[in-house]
Amino acid sequence: METEIINISKSESKEEIYSKLTEYYKRGKLVAIPTETVYGLSANAMDDEAVSKIYEAKGRPSDNPLIVHFYEMSQLDNIVDYSDENVKKLIDKFWPGPMTLILNVKENNGISKKVTAGLNTLAVRMPSNVTARELLKETKVLLAAPSANTSGKPSPTKFEHVYHDLNGKIDVIIEDEQSDIGLESTVIDCTRYPLVIARPGDITKEDIESVLGEGSVKYNEEVLTQDAAPISPGMKYRHYSPEAELVLFNDSFENLINILKDKNQKTGFITYKEMESRVNDLNVSIKYLADNEKSVEQSNKNLYNILREFDEEKVEEIFILPIGETKENKALLNRLNKAISKK
(Lines give C-alpha, C1' and ligand atoms only; values in the text may rest on other atoms or scores of the structure.)
Protein backbone atom coordinates (compact mmCIF):
# COMPACT_ATOMS: atom_id res chain seq x y z
CA MET A 1 0.00 0.00 0.00
CA GLU A 2 1.25 3.48 -0.86
CA THR A 3 0.43 5.99 1.89
CA GLU A 4 -0.75 9.41 0.66
CA ILE A 5 0.59 12.47 2.50
CA ILE A 6 -1.76 15.47 2.68
CA ASN A 7 -0.97 18.87 4.16
CA ILE A 8 -4.30 20.67 4.48
CA SER A 9 -2.86 23.98 5.71
CA LYS A 10 -0.66 24.29 2.60
CA SER A 11 -3.36 23.25 0.15
CA GLU A 12 -4.71 25.68 -2.43
CA SER A 13 -8.14 24.05 -2.29
CA LYS A 14 -9.26 22.81 1.12
CA GLU A 15 -12.70 22.11 -0.31
CA GLU A 16 -11.27 19.53 -2.70
CA ILE A 17 -9.27 17.87 0.05
CA TYR A 18 -12.26 17.60 2.39
CA SER A 19 -14.35 16.20 -0.44
CA LYS A 20 -11.65 13.61 -1.09
CA LEU A 21 -11.36 12.72 2.61
CA THR A 22 -15.13 12.37 2.92
CA GLU A 23 -15.07 9.89 0.04
CA TYR A 24 -12.12 8.06 1.63
CA TYR A 25 -14.03 7.59 4.89
CA LYS A 26 -17.06 6.32 2.97
CA ARG A 27 -14.79 3.76 1.29
CA GLY A 28 -13.39 2.54 4.61
CA LYS A 29 -9.94 4.09 4.33
CA LEU A 30 -7.65 4.86 7.29
CA VAL A 31 -6.50 8.46 7.80
CA ALA A 32 -3.97 9.57 10.44
CA ILE A 33 -5.00 12.97 11.80
CA PRO A 34 -3.46 15.50 14.19
CA THR A 35 -5.10 16.34 17.50
CA GLU A 36 -4.00 18.50 20.43
CA THR A 37 -3.08 15.38 22.44
CA VAL A 38 -1.40 12.94 20.01
CA TYR A 39 -1.93 11.97 16.37
CA GLY A 40 -4.90 9.65 15.87
CA LEU A 41 -5.56 6.85 13.36
CA SER A 42 -9.09 7.54 12.18
CA ALA A 43 -11.78 5.63 10.35
CA ASN A 44 -15.56 5.79 9.99
CA ALA A 45 -16.85 4.61 13.38
CA MET A 46 -19.94 3.11 11.74
CA ASP A 47 -17.99 0.91 9.34
CA ASP A 48 -17.11 -2.52 10.79
CA GLU A 49 -14.53 -3.29 8.16
CA ALA A 50 -12.82 0.08 8.48
CA VAL A 51 -12.61 -0.23 12.26
CA SER A 52 -11.14 -3.72 11.88
CA LYS A 53 -8.42 -2.18 9.71
CA ILE A 54 -7.45 0.12 12.61
CA TYR A 55 -6.78 -2.85 14.87
CA GLU A 56 -4.89 -4.62 12.10
CA ALA A 57 -2.70 -1.66 11.14
CA LYS A 58 -1.74 -1.00 14.77
CA GLY A 59 -1.49 -4.61 15.88
CA ARG A 60 -3.97 -3.66 18.60
CA PRO A 61 -5.87 -6.22 20.74
CA SER A 62 -9.54 -6.30 19.73
CA ASP A 63 -10.80 -6.03 23.33
CA ASN A 64 -9.20 -2.59 23.69
CA PRO A 65 -12.03 -0.08 22.99
CA LEU A 66 -11.63 2.98 20.78
CA ILE A 67 -12.57 6.65 21.22
CA VAL A 68 -15.03 8.28 18.83
CA HIS A 69 -14.20 11.85 17.81
CA PHE A 70 -16.92 14.28 16.73
CA TYR A 71 -17.49 17.93 15.82
CA GLU A 72 -20.70 19.02 17.56
CA MET A 73 -22.98 17.72 20.31
CA SER A 74 -25.98 17.10 18.05
CA GLN A 75 -24.01 14.26 16.43
CA LEU A 76 -24.24 12.37 19.72
CA ASP A 77 -27.99 12.74 20.27
CA ASN A 78 -28.78 9.25 18.97
CA ILE A 79 -25.45 7.70 19.98
CA VAL A 80 -24.97 8.09 23.74
CA ASP A 81 -26.83 9.38 26.78
CA TYR A 82 -25.28 12.66 27.95
CA SER A 83 -28.30 13.93 29.89
CA ASP A 84 -26.70 13.66 33.35
CA GLU A 85 -26.12 17.08 34.96
CA ASN A 86 -22.52 16.24 35.90
CA VAL A 87 -21.80 15.27 32.31
CA LYS A 88 -23.31 18.52 31.03
CA LYS A 89 -21.13 20.55 33.39
CA LEU A 90 -17.98 18.77 32.19
CA ILE A 91 -18.98 19.28 28.56
CA ASP A 92 -19.58 23.01 29.12
CA LYS A 93 -16.22 23.42 30.83
CA PHE A 94 -13.81 21.20 28.91
CA TRP A 95 -15.06 20.65 25.33
CA PRO A 96 -13.59 21.13 22.83
CA GLY A 97 -10.47 19.81 24.53
CA PRO A 98 -8.43 16.87 25.87
CA MET A 99 -11.30 15.15 27.72
CA THR A 100 -12.88 11.83 26.78
CA LEU A 101 -16.16 10.80 28.40
CA ILE A 102 -17.34 7.20 28.74
CA LEU A 103 -21.12 7.20 28.43
CA ASN A 104 -23.90 4.64 28.14
CA VAL A 105 -24.79 3.88 24.52
CA LYS A 106 -28.25 4.17 23.01
CA GLU A 107 -29.73 1.17 21.23
CA ASN A 108 -29.26 0.87 17.48
CA ASN A 109 -26.90 3.84 17.40
CA GLY A 110 -25.04 2.62 14.32
CA ILE A 111 -21.59 2.61 15.94
CA SER A 112 -19.59 -0.51 15.12
CA LYS A 113 -19.47 -3.04 17.96
CA LYS A 114 -15.77 -3.28 17.24
CA VAL A 115 -15.36 0.29 18.49
CA THR A 116 -16.87 -0.51 21.89
CA ALA A 117 -15.16 -3.92 22.13
CA GLY A 118 -18.54 -5.40 23.02
CA LEU A 119 -19.24 -3.03 25.93
CA ASN A 120 -22.48 -1.12 26.51
CA THR A 121 -20.52 2.09 26.84
CA LEU A 122 -18.78 4.36 24.35
CA ALA A 123 -15.85 6.75 24.79
CA VAL A 124 -16.37 10.07 22.99
CA ARG A 125 -14.29 13.22 22.55
CA MET A 126 -14.57 16.64 20.90
CA PRO A 127 -10.98 17.62 20.01
CA SER A 128 -9.83 21.25 19.98
CA ASN A 129 -7.05 20.96 17.38
CA VAL A 130 -7.95 23.30 14.50
CA THR A 131 -7.17 20.82 11.72
CA ALA A 132 -9.06 18.00 13.44
CA ARG A 133 -12.10 20.21 14.02
CA GLU A 134 -12.16 21.40 10.42
CA LEU A 135 -11.89 17.84 9.16
CA LEU A 136 -14.69 16.63 11.46
CA LYS A 137 -16.90 19.58 10.47
CA GLU A 138 -16.40 19.24 6.73
CA THR A 139 -16.58 15.44 6.44
CA LYS A 140 -19.46 15.10 8.95
CA VAL A 141 -18.15 11.63 9.88
CA LEU A 142 -17.90 10.22 13.40
CA LEU A 143 -14.31 9.02 13.62
CA ALA A 144 -12.99 6.15 15.69
CA ALA A 145 -9.38 7.09 16.39
CA PRO A 146 -6.81 5.56 18.72
CA SER A 147 -3.23 6.84 18.64
CA ALA A 148 -1.61 6.51 15.20
CA ASN A 149 1.26 4.24 16.17
CA THR A 150 2.23 0.61 16.41
CA SER A 151 0.44 -0.73 19.48
CA GLY A 152 2.60 -0.62 22.60
CA LYS A 153 5.02 2.00 21.29
CA PRO A 154 5.25 5.65 22.39
CA SER A 155 2.33 7.60 20.98
CA PRO A 156 3.04 9.88 18.00
CA THR A 157 3.18 13.60 18.63
CA LYS A 158 4.68 14.45 15.23
CA PHE A 159 3.89 13.60 11.62
CA GLU A 160 7.28 11.89 11.38
CA HIS A 161 6.36 9.47 14.16
CA VAL A 162 3.24 8.35 12.30
CA TYR A 163 5.17 8.00 9.06
CA HIS A 164 7.79 5.84 10.79
CA ASP A 165 5.23 3.43 12.26
CA LEU A 166 2.47 3.28 9.68
CA ASN A 167 3.80 4.28 6.26
CA GLY A 168 2.65 1.58 3.85
CA LYS A 169 0.06 0.26 6.33
CA ILE A 170 -2.56 3.03 6.13
CA ASP A 171 -4.10 5.09 3.35
CA VAL A 172 -3.43 8.70 4.36
CA ILE A 173 -1.40 10.76 6.83
CA ILE A 174 -2.40 14.38 7.42
CA GLU A 175 0.83 16.32 7.85
CA ASP A 176 0.53 19.00 10.54
CA GLU A 177 2.34 20.61 13.49
CA GLN A 178 3.50 18.80 16.62
CA SER A 179 0.71 18.04 19.10
CA ASP A 180 0.36 20.83 21.67
CA ILE A 181 -0.13 18.66 24.76
CA GLY A 182 1.78 15.49 23.91
CA LEU A 183 -0.10 13.02 26.15
CA GLU A 184 -3.41 11.30 25.51
CA SER A 185 -6.70 12.76 26.78
CA THR A 186 -8.10 12.38 30.27
CA VAL A 187 -10.71 9.59 30.14
CA ILE A 188 -13.61 9.88 32.61
CA ASP A 189 -16.10 7.09 33.22
CA CYS A 190 -19.42 8.87 33.69
CA THR A 191 -21.53 5.71 34.04
CA ARG A 192 -21.11 5.59 37.83
CA TYR A 193 -20.74 7.96 40.75
CA PRO A 194 -18.33 9.10 41.93
CA LEU A 195 -17.03 9.42 38.38
CA VAL A 196 -13.81 7.52 37.63
CA ILE A 197 -10.68 8.74 35.89
CA ALA A 198 -9.91 5.69 33.75
CA ARG A 199 -6.82 7.35 32.26
CA PRO A 200 -5.19 10.53 33.62
CA GLY A 201 -4.39 13.34 31.21
CA ASP A 202 -4.03 17.08 30.88
CA ILE A 203 -7.33 17.68 32.71
CA THR A 204 -6.63 16.70 36.31
CA LYS A 205 -8.76 15.34 39.14
CA GLU A 206 -8.55 18.79 40.73
CA ASP A 207 -9.81 20.39 37.50
CA ILE A 208 -12.81 18.06 37.52
CA GLU A 209 -13.53 18.64 41.21
CA SER A 210 -13.41 22.39 40.64
CA VAL A 211 -16.46 21.91 38.42
CA LEU A 212 -18.33 19.07 40.16
CA GLY A 213 -17.18 19.40 43.76
CA GLU A 214 -14.76 17.58 46.04
CA GLY A 215 -15.21 13.81 46.12
CA SER A 216 -17.04 13.75 42.79
CA VAL A 217 -14.33 11.73 41.05
CA LYS A 218 -11.87 8.96 41.90
CA TYR A 219 -8.86 7.45 40.14
CA ASN A 220 -9.35 4.09 38.48
CA GLU A 221 -6.89 2.31 40.77
CA GLU A 222 -9.13 3.18 43.72
CA VAL A 223 -12.07 1.21 42.31
CA LEU A 224 -10.66 -1.28 39.77
CA THR A 225 -11.40 -4.95 40.30
CA GLN A 226 -8.72 -7.40 39.22
CA ASP A 227 -10.59 -9.07 36.36
CA ALA A 228 -12.49 -6.05 35.05
CA ALA A 229 -12.50 -5.57 31.28
CA PRO A 230 -10.76 -2.42 30.06
CA ILE A 231 -13.31 0.37 29.54
CA SER A 232 -10.75 2.79 28.16
CA PRO A 233 -7.62 2.75 26.00
CA GLY A 234 -4.36 2.60 27.95
CA MET A 235 -5.66 0.50 30.85
CA LYS A 236 -4.69 -3.10 30.20
CA TYR A 237 -1.90 -3.64 27.70
CA ARG A 238 1.74 -2.75 27.29
CA HIS A 239 1.89 0.89 26.29
CA TYR A 240 4.20 3.77 25.52
CA SER A 241 7.39 1.66 25.61
CA PRO A 242 10.60 2.35 23.66
CA GLU A 243 12.60 -0.50 22.15
CA ALA A 244 15.25 -0.18 24.88
CA GLU A 245 14.59 -1.10 28.48
CA LEU A 246 13.55 1.98 30.45
CA VAL A 247 15.08 1.70 33.92
CA LEU A 248 13.83 3.59 36.97
CA PHE A 249 16.97 4.08 39.09
CA ASN A 250 15.82 4.15 42.71
CA ASP A 251 19.00 5.59 44.16
CA SER A 252 20.81 8.90 44.32
CA PHE A 253 21.73 11.13 41.39
CA GLU A 254 25.39 10.80 42.37
CA ASN A 255 25.32 7.00 42.32
CA LEU A 256 23.67 6.98 38.91
CA ILE A 257 26.30 9.37 37.56
CA ASN A 258 29.03 7.00 38.77
CA ILE A 259 27.37 4.14 36.89
CA LEU A 260 26.90 6.20 33.74
CA LYS A 261 30.57 7.19 33.69
CA ASP A 262 31.34 3.67 32.47
CA LYS A 263 28.60 3.70 29.80
CA ASN A 264 28.64 4.85 26.17
CA GLN A 265 26.20 6.04 23.49
CA LYS A 266 24.30 2.75 23.72
CA THR A 267 22.93 4.08 27.01
CA GLY A 268 20.37 6.87 27.35
CA PHE A 269 19.70 9.14 30.29
CA ILE A 270 16.57 11.27 30.80
CA THR A 271 17.06 14.20 33.15
CA TYR A 272 16.34 17.93 33.48
CA LYS A 273 18.06 20.91 31.91
CA GLU A 274 18.96 22.29 35.34
CA MET A 275 21.29 19.28 35.76
CA GLU A 276 23.19 19.97 32.53
CA SER A 277 26.42 21.12 34.21
CA ARG A 278 26.56 17.89 36.22
CA VAL A 279 26.21 15.55 33.23
CA ASN A 280 28.34 17.31 30.62
CA ASP A 281 31.27 14.92 31.01
CA LEU A 282 29.20 11.77 30.42
CA ASN A 283 29.53 9.85 27.16
CA VAL A 284 25.92 8.60 27.18
CA SER A 285 23.02 9.97 25.14
CA ILE A 286 21.33 12.62 27.29
CA LYS A 287 17.82 13.98 26.73
CA TYR A 288 16.25 16.77 28.76
CA LEU A 289 12.62 16.14 29.70
CA ALA A 290 12.12 19.80 30.70
CA ASP A 291 13.85 22.65 32.51
CA ASN A 292 13.03 21.10 35.90
CA GLU A 293 10.50 18.84 37.65
CA LYS A 294 8.02 21.70 38.01
CA SER A 295 7.83 22.12 34.21
CA VAL A 296 5.05 19.55 33.81
CA GLU A 297 3.55 20.84 30.55
CA GLN A 298 7.01 20.84 28.98
CA SER A 299 7.65 17.31 30.26
CA ASN A 300 4.33 16.05 28.89
CA LYS A 301 5.04 17.50 25.46
CA ASN A 302 8.58 16.08 25.30
CA LEU A 303 8.24 12.56 26.76
CA TYR A 304 7.15 10.54 23.72
CA ASN A 305 9.43 12.49 21.41
CA ILE A 306 12.41 11.67 23.64
CA LEU A 307 11.56 7.95 23.77
CA ARG A 308 11.30 7.88 19.98
CA GLU A 309 14.62 9.70 19.58
CA PHE A 310 16.25 7.00 21.69
CA ASP A 311 14.69 4.37 19.40
CA GLU A 312 16.22 6.12 16.38
CA GLU A 313 19.61 6.09 18.10
CA LYS A 314 19.16 2.37 18.88
CA VAL A 315 20.18 2.74 22.50
CA GLU A 316 19.98 -0.47 24.52
CA GLU A 317 19.03 0.94 27.93
CA ILE A 318 17.57 4.21 29.23
CA PHE A 319 17.93 5.45 32.79
CA ILE A 320 15.65 7.86 34.61
CA LEU A 321 15.51 8.91 38.26
CA PRO A 322 12.23 8.89 40.22
CA ILE A 323 10.01 11.95 39.81
CA GLY A 324 8.07 13.12 42.84
CA GLU A 325 4.31 12.83 42.37
CA THR A 326 2.25 16.03 42.38
CA LYS A 327 -1.34 16.92 41.51
CA GLU A 328 -0.14 18.17 38.14
CA ASN A 329 2.06 15.29 36.94
CA LYS A 330 -0.23 12.29 37.48
CA ALA A 331 -0.58 11.70 33.71
CA LEU A 332 3.18 11.96 33.12
CA LEU A 333 3.94 9.41 35.83
CA ASN A 334 1.19 7.11 34.54
CA ARG A 335 2.84 6.99 31.10
CA LEU A 336 6.35 6.60 32.52
CA ASN A 337 5.28 3.77 34.81
CA LYS A 338 3.58 1.98 31.90
CA ALA A 339 6.72 2.38 29.78
CA ILE A 340 8.97 1.16 32.59
CA SER A 341 6.85 -1.85 33.50
CA LYS A 342 6.07 -2.68 29.85
CA LYS A 343 2.55 -3.63 30.94
# chains A, B, ... in the order shown; residues from 1 in each chain; ligands from 1

call {"tool": "select_by_dssp", "arguments": {"residues": "stretch 14-248 of chain A", "states": "helix (DSSP H, G or I)", "output": "PyMOL selection string"}}
result
chain A and resi 14-26+48-58+73-76+85-94+113-116+130-139+159-166+205-212+220-222

call {"tool": "residues_around", "arguments": {"residues": "A:Ser42", "least_positions_apart": "2", "cutoff": "9 Å", "atoms": "only C-alpha atoms", "output": "list in words"}}
result
Tyr25, Lys29, Leu30, Val31, Ala32, Ile33, Gly40, Asn44, Ala45, Val51, Ile54, Val68, His69, Leu143, Ala144, Ala145, Pro146, Ser147 and Ala148 of chain A

call {"tool": "residues_around", "arguments": {"residues": "A:Asn108", "least_positions_apart": "5", "cutoff": "12 Å", "atoms": "only C-alpha atoms", "output": "list in words"}}
result
Met46, Asn78, Ile79, Val80, Lys113 and Asn120 of chain A

call {"tool": "residues_around", "arguments": {"residues": "stretch 258-266 of chain A", "least_positions_apart": "6", "cutoff": "6 Å", "atoms": "only C-alpha atoms", "output": "list of chain:residue names"}}
result
A:Leu282, A:Asn283, A:Val284, A:Ser285, A:Val315, A:Glu316

call {"tool": "residues_around", "arguments": {"residues": "A:Leu166", "least_positions_apart": "5", "cutoff": "8 Å", "atoms": "only C-alpha atoms", "output": "short mmCIF file (atom, residue, chain, number, x, y, z; two decimals) with N, CA and C atoms, in the first residue's frame"}}
result
data_model
loop_
_atom_site.label_atom_id
_atom_site.label_comp_id
_atom_site.auth_asym_id
_atom_site.auth_seq_id
_atom_site.Cartn_x
_atom_site.Cartn_y
_atom_site.Cartn_z
N ALA A 57 -3.84 -2.53 11.46
CA ALA A 57 -2.70 -1.66 11.14
C ALA A 57 -1.83 -1.40 12.37
N LYS A 58 -2.46 -1.29 13.53
CA LYS A 58 -1.74 -1.00 14.77
C LYS A 58 -1.20 -2.26 15.45
N ALA A 148 -2.06 6.98 16.52
CA ALA A 148 -1.61 6.51 15.20
C ALA A 148 -0.19 5.97 15.28
N ASN A 149 -0.04 4.86 15.99
CA ASN A 149 1.26 4.24 16.17
C ASN A 149 1.12 2.73 16.21
N THR A 150 2.23 2.05 16.16
CA THR A 150 2.23 0.61 16.41
C THR A 150 1.86 0.38 17.87
#

call {"tool": "residues_around", "arguments": {"residues": "A:Ser216", "least_positions_apart": "3", "cutoff": "12 Å", "atoms": "only C-alpha atoms", "output": "list in words"}}
result
Asn86, Val87, Leu90, Ile188, Asp189, Cys190, Arg192, Tyr193, Pro194, Leu195, Val196, Ile197, Lys205, Glu206, Asp207, Ile208, Glu209, Ser210, Val211, Leu212, Gly213 and Tyr219 of chain A

call {"tool": "write_last_selection", "arguments": {"atoms": "N, CA, C and O atoms", "output": "mmCIF file, in the first residue's frame"}}
result
data_model
loop_
_atom_site.group_PDB
_atom_site.id
_atom_site.type_symbol
_atom_site.label_atom_id
_atom_site.label_comp_id
_atom_site.auth_asym_id
_atom_site.auth_seq_id
_atom_site.Cartn_x
_atom_site.Cartn_y
_atom_site.Cartn_z
ATOM 1 N N ASN A 86 -23.973 16.208 35.753
ATOM 2 C CA ASN A 86 -22.517 16.244 35.904
ATOM 3 C C ASN A 86 -21.826 16.202 34.541
ATOM 4 O O ASN A 86 -20.836 16.906 34.304
ATOM 5 N N VAL A 87 -22.356 15.372 33.660
ATOM 6 C CA VAL A 87 -21.798 15.267 32.310
ATOM 7 C C VAL A 87 -21.938 16.603 31.584
ATOM 8 O O VAL A 87 -20.991 17.079 30.935
ATOM 9 N N LEU A 90 -19.306 19.072 32.741
ATOM 10 C CA LEU A 90 -17.981 18.772 32.195
ATOM 11 C C LEU A 90 -17.888 19.188 30.733
ATOM 12 O O LEU A 90 -16.877 19.742 30.282
ATOM 13 N N ILE A 188 -12.759 9.876 31.407
ATOM 14 C CA ILE A 188 -13.608 9.883 32.607
ATOM 15 C C ILE A 188 -14.805 8.975 32.388
ATOM 16 O O ILE A 188 -15.582 9.158 31.441
ATOM 17 N N ASP A 189 -14.941 7.985 33.269
ATOM 18 C CA ASP A 189 -16.096 7.091 33.222
ATOM 19 C C ASP A 189 -17.259 7.776 33.931
ATOM 20 O O ASP A 189 -17.240 7.954 35.151
ATOM 21 N N CYS A 190 -18.265 8.146 33.147
ATOM 22 C CA CYS A 190 -19.422 8.867 33.685
ATOM 23 C C CYS A 190 -20.622 7.964 33.922
ATOM 24 O O CYS A 190 -21.736 8.451 34.151
ATOM 25 N N ARG A 192 -20.949 5.870 36.399
ATOM 26 C CA ARG A 192 -21.109 5.589 37.827
ATOM 27 C C ARG A 192 -20.743 6.846 38.620
ATOM 28 O O ARG A 192 -20.177 7.785 38.069
ATOM 29 N N TYR A 193 -21.072 6.819 39.910
ATOM 30 C CA TYR A 193 -20.741 7.958 40.750
ATOM 31 C C TYR A 193 -20.192 7.455 42.085
ATOM 32 O O TYR A 193 -20.767 6.545 42.664
ATOM 33 N N PRO A 194 -19.103 8.049 42.583
ATOM 34 C CA PRO A 194 -18.332 9.103 41.935
ATOM 35 C C PRO A 194 -17.833 8.694 40.540
ATOM 36 O O PRO A 194 -17.654 7.510 40.264
ATOM 37 N N LEU A 195 -17.604 9.678 39.696
ATOM 38 C CA LEU A 195 -17.026 9.421 38.384
ATOM 39 C C LEU A 195 -15.626 8.840 38.568
ATOM 40 O O LEU A 195 -15.016 8.989 39.631
ATOM 41 N N VAL A 196 -15.111 8.184 37.522
ATOM 42 C CA VAL A 196 -13.813 7.519 37.629
ATOM 43 C C VAL A 196 -12.890 7.988 36.505
ATOM 44 O O VAL A 196 -13.276 7.967 35.330
ATOM 45 N N ILE A 197 -11.686 8.410 36.892
ATOM 46 C CA ILE A 197 -10.677 8.737 35.887
ATOM 47 C C ILE A 197 -10.031 7.428 35.443
ATOM 48 O O ILE A 197 -9.223 6.844 36.165
ATOM 49 N N LYS A 205 -7.693 15.597 38.176
ATOM 50 C CA LYS A 205 -8.759 15.340 39.143
ATOM 51 C C LYS A 205 -9.210 16.644 39.789
ATOM 52 O O LYS A 205 -10.410 16.884 39.985
ATOM 53 N N GLU A 206 -8.235 17.502 40.096
ATOM 54 C CA GLU A 206 -8.552 18.786 40.727
ATOM 55 C C GLU A 206 -9.352 19.687 39.786
ATOM 56 O O GLU A 206 -10.248 20.413 40.220
ATOM 57 N N ASP A 207 -9.037 19.629 38.490
ATOM 58 C CA ASP A 207 -9.807 20.389 37.500
ATOM 59 C C ASP A 207 -11.270 19.939 37.490
ATOM 60 O O ASP A 207 -12.193 20.763 37.442
ATOM 61 N N ILE A 208 -11.454 18.621 37.542
ATOM 62 C CA ILE A 208 -12.810 18.063 37.519
ATOM 63 C C ILE A 208 -13.562 18.437 38.797
ATOM 64 O O ILE A 208 -14.728 18.855 38.764
ATOM 65 N N GLU A 209 -12.886 18.313 39.930
ATOM 66 C CA GLU A 209 -13.531 18.639 41.209
ATOM 67 C C GLU A 209 -13.849 20.128 41.324
ATOM 68 O O GLU A 209 -14.793 20.505 42.032
ATOM 69 N N SER A 210 -13.104 20.955 40.619
ATOM 70 C CA SER A 210 -13.406 22.392 40.637
ATOM 71 C C SER A 210 -14.740 22.687 39.962
ATOM 72 O O SER A 210 -15.362 23.720 40.232
ATOM 73 N N VAL A 211 -15.179 21.763 39.115
ATOM 74 C CA VAL A 211 -16.462 21.911 38.422
ATOM 75 C C VAL A 211 -17.582 21.166 39.141
ATOM 76 O O VAL A 211 -18.695 21.677 39.307
ATOM 77 N N LEU A 212 -17.283 19.945 39.606
ATOM 78 C CA LEU A 212 -18.330 19.073 40.161
ATOM 79 C C LEU A 212 -18.326 18.989 41.684
ATOM 80 O O LEU A 212 -19.273 18.475 42.272
ATOM 81 N N GLY A 213 -17.253 19.463 42.303
ATOM 82 C CA GLY A 213 -17.175 19.404 43.758
ATOM 83 C C GLY A 213 -16.228 18.326 44.254
ATOM 84 O O GLY A 213 -15.978 17.330 43.575
ATOM 85 N N TYR A 219 -9.740 8.071 41.127
ATOM 86 C CA TYR A 219 -8.859 7.454 40.144
ATOM 87 C C TYR A 219 -9.240 5.990 39.968
ATOM 88 O O TYR A 219 -9.738 5.334 40.903
#

call {"tool": "closest_residue", "arguments": {"among": "A:Phe249, A:Tyr163, A:Tyr240, A:Tyr18", "to": "A:Leu135", "atoms": "only C-alpha atoms"}}
result
A:Tyr18

call {"tool": "residues_around", "arguments": {"residues": "A:Glu2", "least_positions_apart": "4", "cutoff": "10 Å", "atoms": "only C-alpha atoms", "output": "PyMOL selection string"}}
result
chain A and resi 167-172

call {"tool": "closest_residue", "arguments": {"among": "A:Arg335, A:Lys287, A:Lys158, A:Lys14", "to": "A:Ile320", "atoms": "only C-alpha atoms"}}
result
A:Lys287
